[in-house]
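Shown here: data24.cif, mmCIF, C-alpha atoms and all ligand atoms.
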data_structure
loop_
_atom_site.label_atom_id
_atom_site.label_comp_id
_atom_site.auth_asym_id
_atom_site.auth_seq_id
_atom_site.Cartn_x
_atom_site.Cartn_y
_atom_site.Cartn_z
CA MET A 133 30.38 -26.75 -10.35
CA ARG A 134 31.88 -30.01 -11.59
CA LYS A 135 35.34 -29.02 -10.40
CA LYS A 136 34.11 -28.74 -6.82
CA PHE A 137 33.46 -32.50 -6.86
CA PRO A 138 36.77 -34.39 -6.82
CA LEU A 139 35.46 -37.54 -8.51
CA LEU A 140 33.97 -35.57 -11.40
CA LYS A 141 37.05 -33.38 -11.63
CA LYS A 142 39.37 -36.37 -11.79
CA HIS A 143 37.30 -38.53 -14.14
CA LYS A 144 36.57 -35.99 -16.83
CA ASN A 145 34.75 -38.40 -19.13
CA ILE A 146 32.15 -39.50 -16.63
CA VAL A 147 28.64 -38.26 -17.25
CA TYR A 148 26.94 -38.91 -13.95
CA LEU A 149 23.17 -39.13 -14.34
CA ASP A 150 22.40 -41.25 -11.29
CA SER A 151 22.21 -38.75 -8.43
CA ALA A 152 18.92 -40.23 -7.22
CA ALA A 153 20.91 -43.35 -6.30
CA THR A 154 23.59 -41.29 -4.58
CA THR A 155 25.05 -37.87 -5.21
CA GLN A 156 28.72 -37.13 -5.76
CA LYS A 157 30.49 -35.46 -2.83
CA PRO A 158 32.06 -32.00 -2.77
CA ASP A 159 35.64 -31.55 -1.59
CA GLU A 160 34.49 -30.16 1.78
CA VAL A 161 32.66 -33.40 2.61
CA ILE A 162 35.64 -35.60 1.73
CA GLN A 163 38.04 -33.32 3.65
CA ALA A 164 35.77 -33.36 6.71
CA PHE A 165 36.69 -37.02 7.33
CA THR A 166 40.44 -36.35 7.27
CA ASP A 167 39.99 -33.31 9.49
CA TYR A 168 37.87 -35.21 11.98
CA TYR A 169 40.12 -38.26 12.23
CA GLU A 170 43.36 -36.24 12.24
CA ASN A 171 42.32 -33.64 14.77
CA ASN A 172 39.22 -34.55 16.74
CA ASN A 173 38.76 -38.29 16.87
CA ALA A 174 37.37 -39.51 20.21
CA ASN A 175 34.10 -41.00 21.36
CA SER A 176 31.57 -38.21 21.80
CA HIS A 177 29.69 -37.85 25.10
CA ARG A 178 31.94 -40.39 26.81
CA GLY A 179 35.20 -38.73 27.89
CA LEU A 180 35.95 -35.77 30.08
CA TYR A 181 39.12 -34.92 28.18
CA LYS A 182 39.53 -32.26 25.53
CA LEU A 183 39.41 -34.51 22.46
CA SER A 184 36.16 -36.13 23.52
CA GLU A 185 34.72 -32.73 24.30
CA ASN A 186 35.73 -31.63 20.78
CA ALA A 187 33.89 -34.61 19.29
CA THR A 188 30.79 -33.84 21.37
CA HIS A 189 30.98 -30.20 20.27
CA ILE A 190 31.28 -31.23 16.59
CA LEU A 191 28.22 -33.43 16.94
CA ARG A 192 26.26 -30.61 18.57
CA GLU A 193 27.28 -28.16 15.83
CA ALA A 194 26.28 -30.65 13.13
CA ARG A 195 22.88 -31.20 14.71
CA GLN A 196 22.40 -27.44 14.81
CA GLU A 197 23.35 -27.02 11.14
CA ILE A 198 21.10 -29.88 9.96
CA SER A 199 18.10 -28.95 12.10
CA PHE A 200 18.30 -25.33 10.94
CA PHE A 201 18.41 -26.51 7.30
CA ILE A 202 15.10 -28.37 7.63
CA GLY A 203 13.42 -25.93 10.04
CA ALA A 204 13.41 -28.31 13.03
CA GLU A 205 14.37 -27.91 16.68
CA GLN A 206 17.71 -29.53 17.48
CA GLU A 207 16.19 -32.20 19.74
CA GLU A 208 13.87 -33.20 16.91
CA VAL A 209 16.75 -34.43 14.74
CA ILE A 210 17.76 -38.05 15.37
CA PHE A 211 20.82 -39.50 13.67
CA THR A 212 20.27 -42.89 12.04
CA LYS A 213 22.32 -44.71 9.45
CA SER A 214 19.89 -44.17 6.56
CA ALA A 215 16.33 -43.33 5.59
CA THR A 216 15.68 -47.08 5.51
CA GLU A 217 16.76 -47.39 9.11
CA GLY A 218 14.51 -44.45 10.03
CA PHE A 219 11.36 -46.12 8.65
CA ASN A 220 12.25 -49.45 10.24
CA ALA A 221 12.93 -47.74 13.55
CA LEU A 222 9.55 -46.03 13.50
CA ALA A 223 7.83 -49.28 12.63
CA GLN A 224 9.29 -50.70 15.83
CA SER A 225 8.44 -47.76 18.07
CA LEU A 226 4.92 -46.81 17.00
CA GLU A 227 1.96 -48.51 18.62
CA VAL A 228 -0.52 -50.19 16.27
CA GLY A 229 -3.33 -52.61 17.16
CA ARG A 230 -5.30 -55.20 15.20
CA TRP A 231 -8.27 -52.80 15.07
CA ASN A 232 -6.12 -50.24 13.19
CA ASN A 233 -5.12 -49.79 9.59
CA ILE A 234 -1.89 -48.51 8.01
CA VAL A 235 -1.97 -46.62 4.72
CA VAL A 236 0.92 -46.40 2.26
CA THR A 237 0.89 -45.71 -1.47
CA GLU A 238 1.87 -47.83 -4.43
CA MET A 239 4.43 -45.14 -5.31
CA GLU A 240 6.67 -45.90 -2.34
CA HIS A 241 10.26 -47.04 -2.44
CA HIS A 242 10.42 -50.47 -0.78
CA SER A 243 12.07 -48.91 2.26
CA ASN A 244 8.88 -46.95 3.02
CA PHE A 245 6.64 -49.87 2.08
CA LEU A 246 8.04 -53.05 3.59
CA PRO A 247 8.41 -51.87 7.23
CA TRP A 248 4.69 -50.96 7.22
CA GLN A 249 3.61 -54.11 5.40
CA GLN A 250 5.50 -56.20 7.95
CA LEU A 251 4.23 -54.18 10.92
CA ALA A 252 0.67 -54.73 9.68
CA LYS A 253 1.35 -58.46 9.40
CA LYS A 254 2.81 -58.57 12.92
CA THR A 255 -0.01 -56.61 14.55
CA LYS A 256 -2.77 -57.95 12.28
CA ALA A 257 -3.67 -54.37 11.36
CA GLU A 258 -5.17 -53.82 7.91
CA PHE A 259 -2.60 -52.80 5.28
CA ILE A 260 -3.99 -50.39 2.70
CA VAL A 261 -2.08 -49.45 -0.44
CA ALA A 262 -3.42 -46.23 -1.95
CA LYS A 263 -3.52 -46.05 -5.75
CA SER A 264 -1.02 -43.57 -7.13
CA ASN A 265 -3.45 -42.02 -9.66
CA ASN A 266 -0.46 -40.19 -11.15
CA ASN A 267 -0.35 -37.52 -8.45
CA LEU A 268 -1.22 -39.11 -5.06
CA SER A 269 -3.79 -36.36 -4.59
CA ASP A 270 -6.39 -38.59 -2.95
CA ILE A 271 -4.51 -40.39 -0.18
CA ALA A 272 -6.93 -38.92 2.38
CA LYS A 273 -9.69 -40.94 0.71
CA TYR A 274 -8.15 -44.07 2.25
CA VAL A 275 -8.01 -42.63 5.79
CA ASN A 276 -10.70 -43.35 8.38
CA SER A 277 -11.13 -43.32 12.15
CA LYS A 278 -9.03 -46.52 12.42
CA THR A 279 -6.00 -45.22 10.53
CA ALA A 280 -2.99 -45.30 12.84
CA ILE A 281 -0.30 -44.45 10.27
CA VAL A 282 -0.04 -42.94 6.81
CA ALA A 283 3.39 -43.15 5.17
CA PHE A 284 3.94 -41.54 1.78
CA THR A 285 6.63 -40.14 -0.44
CA GLY A 286 7.52 -36.48 -0.94
CA MET A 287 9.11 -37.31 -4.29
CA SER A 288 9.03 -40.50 -6.32
CA ASN A 289 12.43 -41.97 -7.11
CA VAL A 290 10.95 -43.45 -10.30
CA THR A 291 8.99 -40.63 -11.91
CA GLY A 292 10.19 -37.57 -9.96
CA LEU A 293 6.61 -36.70 -8.94
CA GLN A 294 6.48 -34.28 -6.03
CA PRO A 295 2.94 -34.56 -4.68
CA ASN A 296 1.52 -31.61 -2.80
CA ALA A 297 2.54 -33.05 0.58
CA LYS A 298 1.39 -30.07 2.62
CA LYS A 299 -2.13 -30.26 1.19
CA ILE A 300 -2.27 -34.05 1.55
CA ILE A 301 -1.22 -33.80 5.21
CA LYS A 302 -3.93 -31.20 5.89
CA GLU A 303 -6.56 -33.46 4.30
CA ILE A 304 -5.42 -36.47 6.34
CA ARG A 305 -5.52 -34.43 9.55
CA ALA A 306 -9.04 -33.23 8.72
CA LYS A 307 -10.17 -36.85 8.39
CA ASN A 308 -8.35 -38.18 11.44
CA PRO A 309 -6.29 -35.83 13.65
CA LYS A 310 -4.80 -38.80 15.53
CA THR A 311 -3.21 -40.45 12.49
CA ILE A 312 0.59 -40.42 12.56
CA ILE A 313 1.88 -39.04 9.26
CA ILE A 314 5.31 -40.06 7.96
CA LEU A 315 6.93 -38.44 4.96
CA ASP A 316 9.70 -40.02 2.92
CA ALA A 317 11.82 -36.98 1.98
CA THR A 318 14.78 -39.02 0.71
CA GLN A 319 14.53 -37.67 -2.85
CA LEU A 320 12.67 -34.47 -2.08
CA VAL A 321 15.28 -32.94 0.20
CA ALA A 322 17.86 -32.72 -2.60
CA HIS A 323 15.46 -31.07 -5.05
CA LYS A 324 13.27 -28.76 -3.00
CA ARG A 325 13.60 -26.71 0.19
CA LEU A 326 12.20 -28.76 3.05
CA ASN A 327 10.65 -27.08 6.06
CA VAL A 328 9.31 -29.66 8.45
CA LYS A 329 7.40 -27.08 10.48
CA THR A 330 5.28 -25.74 7.62
CA LEU A 331 4.88 -29.22 6.18
CA ASP A 332 3.47 -30.53 9.48
CA ALA A 333 4.28 -34.24 9.06
CA ASP A 334 4.86 -36.07 12.35
CA PHE A 335 8.01 -37.81 11.16
CA VAL A 336 10.29 -37.24 8.16
CA CYS A 337 13.14 -39.49 7.06
CA PHE A 338 15.97 -39.04 4.58
CA SER A 339 19.58 -40.11 3.90
CA ALA A 340 22.63 -37.85 3.85
CA HIS A 341 24.17 -39.54 0.83
CA LYS A 342 21.43 -38.30 -1.52
CA LEU A 343 22.06 -34.74 -0.32
CA TYR A 344 25.78 -34.55 -1.13
CA GLY A 345 26.75 -36.04 2.25
CA PRO A 346 28.33 -39.40 3.04
CA THR A 347 26.78 -42.85 3.12
CA GLY A 348 25.98 -44.29 6.55
CA VAL A 349 24.15 -41.25 7.95
CA GLY A 350 20.41 -40.67 7.97
CA ILE A 351 18.02 -38.22 9.56
CA LEU A 352 14.85 -39.06 11.39
CA TYR A 353 12.93 -35.90 12.22
CA GLY A 354 10.07 -36.24 14.69
CA LYS A 355 7.82 -33.76 16.49
CA LEU A 356 9.25 -33.35 19.98
CA ASN A 357 6.09 -34.39 21.87
CA LEU A 358 5.89 -37.61 19.83
CA LEU A 359 9.56 -38.41 20.28
CA LYS A 360 9.09 -38.02 24.02
CA GLU A 361 6.08 -40.32 23.91
CA ILE A 362 7.28 -43.25 21.78
CA LYS A 363 9.61 -45.99 22.97
CA PRO A 364 13.24 -46.31 21.84
CA PHE A 365 14.04 -48.66 18.96
CA LEU A 366 17.67 -49.36 19.90
CA TYR A 367 18.89 -50.20 23.37
CA GLY A 368 22.44 -49.84 24.64
CA GLY A 369 25.01 -47.27 25.72
CA ASN A 370 24.35 -43.52 25.77
CA MET A 371 20.54 -43.73 25.65
CA ILE A 372 19.76 -44.37 29.31
CA ASN A 373 18.99 -42.38 32.40
CA GLN A 374 19.26 -45.24 34.86
CA VAL A 375 19.66 -48.98 34.42
CA LYS A 376 18.44 -51.28 37.18
CA GLU A 377 18.14 -55.03 37.22
CA LYS A 378 14.37 -55.15 36.67
CA ASP A 379 13.80 -52.02 34.59
CA SER A 380 15.45 -48.89 33.22
CA THR A 381 14.70 -45.29 32.32
CA TRP A 382 15.75 -43.45 29.19
CA ALA A 383 17.81 -40.35 28.44
CA GLU A 384 16.13 -37.25 27.04
CA VAL A 385 15.43 -36.88 23.32
CA PRO A 386 17.46 -37.08 21.04
CA GLU A 387 19.94 -39.32 22.97
CA LYS A 388 17.07 -41.69 23.82
CA PHE A 389 17.14 -42.79 20.18
CA GLU A 390 20.89 -42.78 19.58
CA ALA A 391 22.15 -45.89 21.34
CA GLY A 392 25.76 -46.94 20.78
CA THR A 393 28.59 -45.06 19.12
CA ILE A 394 27.19 -43.01 16.31
CA ASP A 395 29.03 -41.96 13.16
CA THR A 396 30.34 -38.59 14.35
CA ALA A 397 32.75 -38.25 11.42
CA GLY A 398 29.98 -38.93 8.90
CA ILE A 399 27.58 -36.58 10.66
CA HIS A 400 30.25 -33.88 10.67
CA ALA A 401 30.81 -34.47 6.95
CA PHE A 402 27.06 -34.20 6.32
CA ALA A 403 26.98 -30.83 8.08
CA GLN A 404 29.75 -29.72 5.71
CA ALA A 405 27.58 -30.81 2.77
CA ILE A 406 24.80 -28.55 3.99
CA LYS A 407 27.22 -25.66 4.54
CA PHE A 408 28.45 -26.23 0.98
CA LEU A 409 24.91 -26.03 -0.41
CA GLU A 410 24.11 -22.84 1.46
CA LYS A 411 27.46 -21.23 0.59
CA ASN A 412 26.77 -21.87 -3.09
CA ASP A 413 23.20 -20.54 -2.94
CA PHE A 414 21.11 -23.71 -2.74
CA ASP A 415 18.05 -21.96 -4.21
CA ALA A 416 20.00 -20.86 -7.27
CA LEU A 417 21.42 -24.37 -7.65
CA LEU A 418 17.90 -25.81 -7.55
CA HIS A 419 16.75 -23.29 -10.11
CA PHE A 420 19.57 -24.30 -12.44
CA GLU A 421 18.74 -27.99 -11.91
CA ASP A 422 15.13 -27.31 -12.82
CA GLU A 423 16.16 -25.61 -16.06
CA LEU A 424 18.33 -28.60 -16.84
CA LYS A 425 15.36 -30.91 -16.25
CA ASP A 426 13.24 -28.85 -18.69
CA TYR A 427 16.03 -29.07 -21.25
CA ALA A 428 16.27 -32.85 -20.81
CA LEU A 429 12.49 -33.21 -21.24
CA LYS A 430 12.55 -31.06 -24.37
CA GLU A 431 15.36 -33.11 -25.94
CA LEU A 432 13.86 -36.47 -24.96
CA LYS A 433 10.47 -35.49 -26.39
CA LYS A 434 12.13 -35.06 -29.79
CA LEU A 435 12.85 -38.81 -29.85
CA GLU A 436 9.75 -40.45 -31.26
CA HIS A 437 10.51 -43.89 -29.78
CA VAL A 438 10.88 -42.55 -26.27
CA THR A 439 8.01 -42.29 -23.78
CA ILE A 440 8.55 -40.20 -20.66
CA ILE A 441 6.76 -41.51 -17.56
CA GLY A 442 4.84 -38.60 -16.01
CA HIS A 443 6.21 -35.02 -16.27
CA GLU A 444 3.02 -33.82 -17.94
CA ASN A 445 3.08 -30.80 -15.59
CA LYS A 446 5.48 -28.90 -13.34
CA ASN A 447 4.95 -31.09 -10.24
CA TYR A 448 8.02 -33.17 -10.97
CA GLY A 449 11.64 -32.89 -9.86
CA ALA A 450 14.80 -33.71 -11.78
CA VAL A 451 14.27 -37.49 -11.97
CA ILE A 452 13.11 -38.78 -15.35
CA SER A 453 12.13 -42.35 -16.20
CA ILE A 454 11.69 -43.36 -19.81
CA LYS A 455 10.72 -46.37 -21.82
CA ILE A 456 11.96 -46.84 -25.35
CA LEU A 457 10.32 -48.82 -28.08
CA ASP A 458 12.43 -51.87 -29.02
CA LEU A 459 15.17 -51.09 -26.49
CA HIS A 460 15.30 -52.73 -23.08
CA PRO A 461 16.36 -50.37 -20.24
CA HIS A 462 19.18 -52.72 -19.26
CA ASP A 463 20.56 -52.71 -22.81
CA LEU A 464 20.48 -48.92 -22.81
CA ALA A 465 22.23 -48.75 -19.43
CA GLU A 466 24.90 -51.15 -20.65
CA ILE A 467 25.53 -49.18 -23.85
CA CYS A 468 25.55 -45.92 -21.84
CA SER A 469 28.15 -47.45 -19.55
CA ARG A 470 30.45 -48.07 -22.52
CA GLU A 471 30.26 -44.31 -23.14
CA ASP A 472 30.99 -43.51 -19.45
CA ILE A 473 27.39 -42.43 -18.90
CA CYS A 474 25.96 -43.59 -15.57
CA ILE A 475 22.21 -44.14 -15.64
CA ARG A 476 19.95 -46.51 -13.71
CA ALA A 477 17.78 -49.26 -15.18
CA GLY A 478 15.42 -51.59 -13.37
CA HIS A 479 12.46 -51.47 -11.02
CA HIS A 480 14.16 -48.88 -8.76
CA CYS A 481 13.06 -50.70 -5.58
CA ALA A 482 9.48 -49.72 -6.37
CA GLN A 483 7.83 -52.90 -7.64
CA PRO A 484 4.26 -51.93 -6.63
CA LEU A 485 4.59 -48.80 -8.79
CA MET A 486 6.08 -50.77 -11.67
CA LYS A 487 3.07 -53.09 -11.51
CA ALA A 488 0.70 -50.10 -11.53
CA LEU A 489 2.52 -48.69 -14.55
CA ASN A 490 2.43 -52.11 -16.21
CA LEU A 491 6.20 -52.09 -16.65
CA VAL A 492 8.99 -54.34 -15.46
CA ALA A 493 11.70 -51.73 -15.70
CA THR A 494 12.48 -48.19 -16.80
CA ALA A 495 15.66 -46.36 -17.71
CA ARG A 496 16.12 -43.46 -15.32
CA ILE A 497 18.26 -40.36 -15.38
CA SER A 498 18.46 -38.14 -12.32
CA LEU A 499 20.05 -34.74 -12.49
CA SER A 500 22.04 -32.51 -10.21
CA PHE A 501 23.41 -28.98 -10.48
CA TYR A 502 26.81 -30.49 -11.41
CA ASN A 503 25.31 -31.75 -14.67
CA THR A 504 25.30 -29.75 -17.88
CA LYS A 505 23.33 -29.57 -21.12
CA LYS A 506 26.29 -31.36 -22.72
CA ASP A 507 25.69 -34.36 -20.42
CA ILE A 508 22.10 -34.53 -21.61
CA ASP A 509 23.11 -34.17 -25.26
CA LYS A 510 25.52 -37.07 -24.85
CA PHE A 511 22.79 -39.20 -23.27
CA VAL A 512 20.30 -38.41 -26.06
CA LYS A 513 22.93 -39.22 -28.69
CA THR A 514 23.62 -42.53 -26.95
CA ILE A 515 19.93 -43.49 -26.98
CA LYS A 516 19.95 -43.07 -30.77
CA LYS A 517 23.16 -45.09 -31.03
CA ALA A 518 21.82 -47.82 -28.73
CA ARG A 519 18.71 -48.26 -30.85
CA LYS A 520 20.87 -48.61 -33.96
CA ILE A 521 23.10 -51.19 -32.24
CA ILE A 522 20.19 -53.23 -30.90
CA ASN A 523 18.23 -53.05 -34.15
CA GLY A 524 21.41 -54.04 -35.98
CA TRP A 525 21.73 -57.12 -33.79
CA THR A 526 18.09 -58.03 -34.29
CA LEU A 527 18.38 -57.61 -38.04
CA GLN A 528 21.57 -59.67 -38.13
CA ARG A 529 19.92 -62.44 -36.10
CA SER A 530 16.88 -62.56 -38.35
CA ILE A 531 19.07 -62.68 -41.45
CA THR A 532 21.04 -65.57 -39.94
CA TRP A 533 17.79 -67.34 -39.13
CA THR A 534 16.39 -66.83 -42.63
CA LEU A 535 19.60 -68.15 -44.16
C1 LIG B 601 12.33 -42.35 -2.35
C2 LIG B 601 13.34 -43.15 -1.59
N1 LIG B 601 13.08 -43.49 -0.33
C3 LIG B 601 13.94 -44.20 0.41
C4 LIG B 601 15.13 -44.63 -0.11
C5 LIG B 601 16.08 -45.42 0.73
O1 LIG B 601 17.26 -44.69 0.94
P1 LIG B 601 18.51 -45.39 1.63
O2 LIG B 601 18.86 -46.56 0.78
O3 LIG B 601 19.55 -44.34 1.63
O4 LIG B 601 18.09 -45.79 3.00
C6 LIG B 601 15.44 -44.32 -1.44
C7 LIG B 601 16.68 -44.79 -2.07
O5 LIG B 601 16.86 -44.80 -3.25
C8 LIG B 601 14.52 -43.54 -2.18
O6 LIG B 601 14.78 -43.18 -3.45
#
What's the structure tokens form of this structure?
Ligand SMILES: Cc1ncc(COP(=O)(O)O)c(C=O)c1O
Amino acid sequence: MRKKFPLLKKHKNIVYLDSAATTQKPDEVIQAFTDYYENNNANSHRGLYKLSENATHILREARQEISFFIGAEQEEVIFTKSATEGFNALAQSLEVGRWNNIVVTEMEHHSNFLPWQQLAKKTKAEFIVAKSNNNLSDIAKYVNSKTAIVAFTGMSNVTGLQPNAKKIIKEIRAKNPKTIIILDATQLVAHKRLNVKTLDADFVCFSAHKLYGPTGVGILYGKLNLLKEIKPFLYGGNMINQVKEKDSTWAEVPEKFEAGTIDTAGIHAFAQAIKFLEKNDFDALLHFEDELKDYALKELKKLEHVTIIGHENKNYGAVISIKILDLHPHDLAEICSREDICIRAGHHCAQPLMKALNLVATARISLSFYNTKKDIDKFVKTIKKARKIINGWTLQRSITWTL
């Protein structure tokens, strides 16, 4: 697999264990940009000439590919620039009053936390942060007749937990059928098949760059009736029906939400990423990734100074956070970097969760099907080495002090 990813093919030493931050890109995705700009570059929707029609056709094909991949209707897929933009956009378009409450969880990435916190502040709605309780199983407990919005994650970018989103959504609906339910699928979509229809969330957001596509493209899925109902969040070209001096009317969904020139090249490249996944049997790739995760857990458990956060059952994807006795995550990341191993250390843009876990930082590895057991072995070896280095420094310092 590695050789299908030009960066990994070229830089043979790199052990890339940070796919939760962004995945590497297959050749097809990189080539899609050259192909688009060399052969089809024009502003979509705008011109009546062949090139512009080509660009419009490419956009339509991409929307088809992406909507099919997540089980949505084509009009239900809105192109944004990222998952973050999707949540912020929704926070602008959804109606909330001071008599309402908004529920999120302490497991959220800041991008699915802050837009709701700020919306609650603006509207004076109550902001409720559900306890994570390790598995998010009781979000519905926080929902009542005043709950306008529940926003929660499909997979934690810190621990890899994949809560049973379908069950949680059912429970929320049973408590309040009017509550708008938003799922953050940014991590989930790369590790599990996502079908928005069976899931039954009202809105789902994710970013292309965590699913082998380019940066700068995001997906906001919404149920068609809701997309028709809510107001646009961006105003400008391409999203109107008629503009008059005093008021205006909007284009049909999805154009209503896609004001301005959108990133057709990036969207085209993202569609190539999805084609790549399907061509290489996405389910088999996920299965392999899962085996790799089990291997990593097995090897990490052998290290007595390492504590794995979560992963006590199978409800976790291939994202593993650890803490190590007498080794700060940043020191480990720095020593890994010297060995060309890319890992992430810090609060992972999830400070409420860090507080709940009583930690300031973790070291995180996140796996993809382009990783191998050898990558994990090298990481495990480097943890041992890092502890020796750090303990050596500490010992040296205390000797110097004693002298
Ligand atoms: C769970 C989760 N949600 C949302 C985001 C935000 O994604 P982006 O920065 O691509 O908008 C991230 C990014 O790491 C994430 O891990």
Kindly provide the residues of chain A that approach ligand LIG 601 (chain B) to within 6 Å, each paired with its closest atom pair and their distance in Å to one decimal, based on only C-alpha atoms and all ligand atoms, listed by chain and increasing number, as JSON lines.
{"residue": "A:Ala153", "atom": "CA", "partner": "B:LIG601", "partner_atom": "O5", "distance": 5.3}
{"residue": "A:Ser214", "atom": "CA", "partner": "B:LIG601", "partner_atom": "O4", "distance": 4.3}
{"residue": "A:Ala215", "atom": "CA", "partner": "B:LIG601", "partner_atom": "O4", "distance": 4.0}
{"residue": "A:Thr216", "atom": "CA", "partner": "B:LIG601", "partner_atom": "O4", "distance": 3.7}
{"residue": "A:His241", "atom": "CA", "partner": "B:LIG601", "partner_atom": "N1", "distance": 5.0}
{"residue": "A:Ser243", "atom": "CA", "partner": "B:LIG601", "partner_atom": "C3", "distance": 5.4}
{"residue": "A:Ser288", "atom": "CA", "partner": "B:LIG601", "partner_atom": "C1", "distance": 5.5}
{"residue": "A:Asn289", "atom": "CA", "partner": "B:LIG601", "partner_atom": "O6", "distance": 4.5}
{"residue": "A:Asp316", "atom": "CA", "partner": "B:LIG601", "partner_atom": "N1", "distance": 5.8}
{"residue": "A:Thr318", "atom": "CA", "partner": "B:LIG601", "partner_atom": "N1", "distance": 4.9}
{"residue": "A:Gln319", "atom": "CA", "partner": "B:LIG601", "partner_atom": "C1", "distance": 5.2}
{"residue": "A:Ser339", "atom": "CA", "partner": "B:LIG601", "partner_atom": "O3", "distance": 4.8}
I'd like the interatomic distance between atom CA of A:Gly368 and atom CA of A:Gln404, to a tenth of an Å. 28.6 Å
For A:Ile497, which of A:Asn308, A:Thr381, A:Ser199, A:Thr291 is the closest residue, counting only C-alpha atoms? A:Thr291
Any idea what the distance is between atom CA of A:Leu418 and atom CA of A:Leu499?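 Distance reported for this atom pair: 10.4 Å.
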Shell around A:His242 at 12 Å using only C-alpha atoms, local window under 2 positions removed, as a PyMOL selection string: chain A and resi 215-216+219-220+236-240+244-250+283-285+288-290+316+479-486
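Among the candidates A:Tyr353, A:Tyr168, A:Phe137, A:Phe420, the one nearest to A:Val328 when counting all atoms listed in the file is A:Tyr353.
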Could you check which of A:Asp509, A:Glu258, A:Glu444, A:Asp159 is closest to A:Lys142, using all atoms listed in the file? A:Asp159
Give the answer as one residue: which of A:Ile522, A:Ile234, A:Leu343, A:Leu251 has the shortest atom-to-atom distance to A:Ser277, using only C-alpha atoms?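 Checking each candidate against A:Ser277, we get A:Ile234 as the closest.
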Which residue, A:Phe165, A:Phe338, A:Ala317, A:Glu421, has the smallest gap to A:Asn503 when you use all atoms listed in the file?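 Among the listed residues, A:Glu421 lies closest to A:Asn503.
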Counting all atoms listed in the file, find residues at most 8 Å from (26.8, -38.5, -10.6) (file frame) and give them as a list in words.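 Within 8 Å of (26.8, -38.5, -10.6), the protein and nucleic acid residues are Leu140, Val147, Tyr148, Leu149, Asp150, Ser151, Thr154, Thr155, Gln156, Cys474, Leu499 and Ser500 of chain A.
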Nearest residue to A:Tyr344 out of A:Asp507, A:Lys517, A:Ala403, A:Ile452, using all atoms listed in the file?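 Among the listed residues, the smallest separation from A:Tyr344 belongs to A:Ala403.
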Please indicate the distance in Å from atom CA of A:Lys144 to atom CA of A:Asp167, rounded to one decimal place.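 Taking atom CA of A:Lys144 as the start and atom CA of A:Asp167 as the end point, the length is 26.7 Å.
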Restore N, CA and C atoms in stretch 334-345 of chain A and list the result as an mmCIF file, keeping the file's coordinate frame.
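Output (result15.cif):
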data_model
loop_
_atom_site.group_PDB
_atom_site.id
_atom_site.type_symbol
_atom_site.label_atom_id
_atom_site.label_comp_id
_atom_site.auth_asym_id
_atom_site.auth_seq_id
_atom_site.Cartn_x
_atom_site.Cartn_y
_atom_site.Cartn_z
ATOM 1 N N ASP A 334 4.414 -35.718 10.990
ATOM 2 C CA ASP A 334 4.860 -36.070 12.350
ATOM 3 C C ASP A 334 6.310 -36.550 12.339
ATOM 4 N N PHE A 335 6.648 -37.304 11.311
ATOM 5 C CA PHE A 335 8.010 -37.810 11.160
ATOM 6 C C PHE A 335 8.446 -37.652 9.707
ATOM 7 N N VAL A 336 9.738 -37.369 9.519
ATOM 8 C CA VAL A 336 10.290 -37.240 8.160
ATOM 9 C C VAL A 336 11.638 -37.956 8.152
ATOM 10 N N CYS A 337 11.857 -38.777 7.149
ATOM 11 C CA CYS A 337 13.140 -39.490 7.060
ATOM 12 C C CYS A 337 13.851 -39.186 5.744
ATOM 13 N N PHE A 338 15.171 -39.104 5.813
ATOM 14 C CA PHE A 338 15.970 -39.040 4.580
ATOM 15 C C PHE A 338 17.406 -39.466 4.865
ATOM 16 N N SER A 339 18.181 -39.660 3.789
ATOM 17 C CA SER A 339 19.580 -40.110 3.900
ATOM 18 C C SER A 339 20.514 -38.989 3.482
ATOM 19 N N ALA A 340 21.648 -38.895 4.169
ATOM 20 C CA ALA A 340 22.630 -37.850 3.850
ATOM 21 C C ALA A 340 23.238 -38.033 2.463
ATOM 22 N N HIS A 341 23.397 -39.306 2.057
ATOM 23 C CA HIS A 341 24.170 -39.540 0.830
ATOM 24 C C HIS A 341 23.454 -39.083 -0.440
ATOM 25 N N LYS A 342 22.140 -38.811 -0.330
ATOM 26 C CA LYS A 342 21.430 -38.300 -1.520
ATOM 27 C C LYS A 342 21.401 -36.772 -1.493
ATOM 28 N N LEU A 343 22.000 -36.203 -0.453
ATOM 29 C CA LEU A 343 22.060 -34.740 -0.320
ATOM 30 C C LEU A 343 23.527 -34.314 -0.186
ATOM 31 N N TYR A 344 24.371 -34.940 -1.000
ATOM 32 C CA TYR A 344 25.780 -34.550 -1.130
ATOM 33 C C TYR A 344 26.621 -34.902 0.094
ATOM 34 N N GLY A 345 26.023 -35.593 1.065
ATOM 35 C CA GLY A 345 26.750 -36.040 2.250
ATOM 36 C C GLY A 345 27.224 -37.482 2.081
#
